[in-house]
Amino acid sequence: MQDALPSDPLVVGIDVGGTKTHLRALAGGHSVADHVRPSSGWRPHDPLAAAGWLAALIAEALPAGSRPSAVAVGGHGCETPRQCTQIRTALQLHFDAPALVMGDAELLVPAAGLDRGVGLVAGTGSVAVGRLGDGSPVKVGGWGAALGDEGGAAGLVREAARAVWAAHDRGAEPDALAKGLISAFGVAEVPALGAALERATDISAEWGRHAPVVFAAAEAGSPLARTVISEGGHALAALVERLATRGVPVDDVVIAGSTILAQPALYDAFVSSLAERVPRARPRPLRAAPVDGAVAMARSLV
């Protein structure tokens with residue numbers, strides 16, 4: 001990178017994920033900070049606490065005496081424009097600089113170098129976001145493992161359990177999927193899976209970590225697992241279709257998430273269904289770090 005000049009604005013981009021947070025700060029073309037830490041303590045539903053957490057993170061990451069010229073944040077759990085605005089307003093009490101706060105999925109499109117499009121995440125959970133022509137954000141999905149997040153790791157495990165229970169009710173012998181779930185949850189038989197799932201205190205994390213069982217069972221020939229994965233891909237494509245129906249430009253769909261990018265069976269099911277539901281949409285796996293989208297948004301503020 002080129003050397004920074006004293007007049008170069010210091011821009012800070014922050015990607016607050018569900019597990020880890022990535023801060024990147026640049027002045028001109030010069031890297032000032034590249035800092036990763038756990039997201040523990042992030043409380044997006046308490047604007048003052050969230051802003052204080054971000055301010056402490058910035059102070060921790062930047063050289064002593066540095067003051068940002070602009071800050072952009074993509075925050076996990078920032079679910080509505082009102083909530084994001086409240087955090088931004090509180091954050092600006094700490095810095096005399098323009099700031100922008102949005103959901104973390106909104107970082108994907110600018111991270112890919114695009115001005116518009118859809119950001120689709122399928123990691124532990126799932127969500128799709130985009131913006132209308134007037135810039136208004138639109139979010140679909142992301143309702144948590146208990147009720148939604150289809151196509152995400154936790155949602156796949158939930159649907160796999162439902163498929164196994166239905167097969168059990170039909171009198172079928174346990175297949176590779178049933179045996180995999182029984183082993184993963186440490187129970188003796190299919191009926192005991194219900195209590196095991198209900199014991200989870202953090203269902204997204206605790207269910208989601210067993211998603212590899214679903215893909216392993218599909219590779220072992222389980223029709224139940226293959227159906228769960230196929231339906232998960234269809235559900236993710238349906239999120240994009242909902243955005244298109246609401247008037248969001250969907251020509252480019254930027255895809256991120258540890259589940260969909262690591263599991264070709266799910267990715268292929270999504271792409272196939274997307275081609276049927278929204279033929280004009282082009283899937284684009286994200287190659288850059290999402291924090292690059294936060295940096296791009298911060299630069300747009302100065």
# chains A, B, ... in the order shown; residues from 1 in each chain; ligands from 1
call {"tool": "residues_around", "arguments": {"residues": "Arg299 (chain A)", "least_positions_apart": "3", "cutoff": "10 Å", "atoms": "only C-alpha atoms", "output": "list of chain:residue names"}}
result
A:Pro9, A:Leu10, A:Val11, A:Val12, A:Gly13, A:Leu26, A:Ala27, A:Gly28, A:Ser69, A:Ala70, A:Val71, A:Ala72, A:Gly293, A:Ala294, A:Val295, A:Ala296, A:Val302
call {"tool": "residues_around", "arguments": {"residues": "Gly221 (chain A)", "least_positions_apart": "4", "cutoff": "10 Å", "atoms": "only C-alpha atoms", "output": "PyMOL selection string"}}
result
chain A and resi 175-177+215-217+225-226
call {"tool": "residues_around", "arguments": {"residues": "Val16 (chain A)", "least_positions_apart": "2", "cutoff": "8 Å", "atoms": "only C-alpha atoms", "output": "list in words"}}
result
Ile14, Gly18, Lys20, Thr21, His22, Ser39, Val73, Gly74, Gly75, His76 and Asp104 of chain A
call {"tool": "closest_residue", "arguments": {"among": "A:Ser258, A:Ser66, A:Thr245, A:Ser300", "to": "Arg277 (chain A)", "atoms": "only C-alpha atoms"}}
result
A:Thr245
call {"tool": "closest_residue", "arguments": {"among": "A:Pro290, A:Gly77, A:Gly17, A:Pro212", "to": "His45 (chain A)", "atoms": "only C-alpha atoms"}}
result
A:Gly77
call {"tool": "select_by_dssp", "arguments": {"residues": "region 55-252 of chain A", "states": "helix (DSSP H, G or I)", "output": "number ranges by chain"}}
result
A: 55-61, 81-91, 104-111, 153-169, 176-185, 190-198, 203-208, 211-219, 223-245
call {"tool": "atom_distance", "arguments": {"atom1": "CA of Leu62 (chain A)", "atom2": "CA of Gly103 (chain A)"}}
result
23.1 Å
call {"tool": "residues_around", "arguments": {"residues": "Leu243 (chain A)", "least_positions_apart": "2", "cutoff": "9 Å", "atoms": "only C-alpha atoms", "output": "number ranges by chain"}}
result
A: 118, 128-131, 138-140, 238-241, 245-250
call {"tool": "write_last_selection", "arguments": {"atoms": "C-alpha atoms", "output": "PDB file, in the first residue's frame"}}
result
ATOM      1  CA  VAL A 118     -28.504  -8.861  -2.708  1.00  0.00           C
ATOM      2  CA  ALA A 128     -30.989 -12.015   2.646  1.00  0.00           C
ATOM      3  CA  VAL A 129     -30.818  -8.231   2.372  1.00  0.00           C
ATOM      4  CA  GLY A 130     -31.042  -5.630  -0.347  1.00  0.00           C
ATOM      5  CA  ARG A 131     -32.080  -2.037  -0.967  1.00  0.00           C
ATOM      6  CA  VAL A 138     -35.155  -4.617   2.926  1.00  0.00           C
ATOM      7  CA  LYS A 139     -34.385  -7.740   4.943  1.00  0.00           C
ATOM      8  CA  VAL A 140     -36.015 -11.173   4.637  1.00  0.00           C
ATOM      9  CA  ALA A 238     -37.023 -18.180  -2.018  1.00  0.00           C
ATOM     10  CA  LEU A 239     -35.437 -15.397   0.068  1.00  0.00           C
ATOM     11  CA  VAL A 240     -34.024 -13.824  -3.086  1.00  0.00           C
ATOM     12  CA  GLU A 241     -37.364 -14.248  -4.832  1.00  0.00           C
ATOM     13  CA  THR A 245     -41.091  -9.353  -5.493  1.00  0.00           C
ATOM     14  CA  ARG A 246     -40.646  -6.355  -3.198  1.00  0.00           C
ATOM     15  CA  GLY A 247     -38.756  -4.387  -5.856  1.00  0.00           C
ATOM     16  CA  VAL A 248     -35.167  -4.973  -4.774  1.00  0.00           C
ATOM     17  CA  PRO A 249     -32.633  -5.244  -7.637  1.00  0.00           C
ATOM     18  CA  VAL A 250     -31.507  -8.884  -7.594  1.00  0.00           C
TER      19      VAL A 250
END
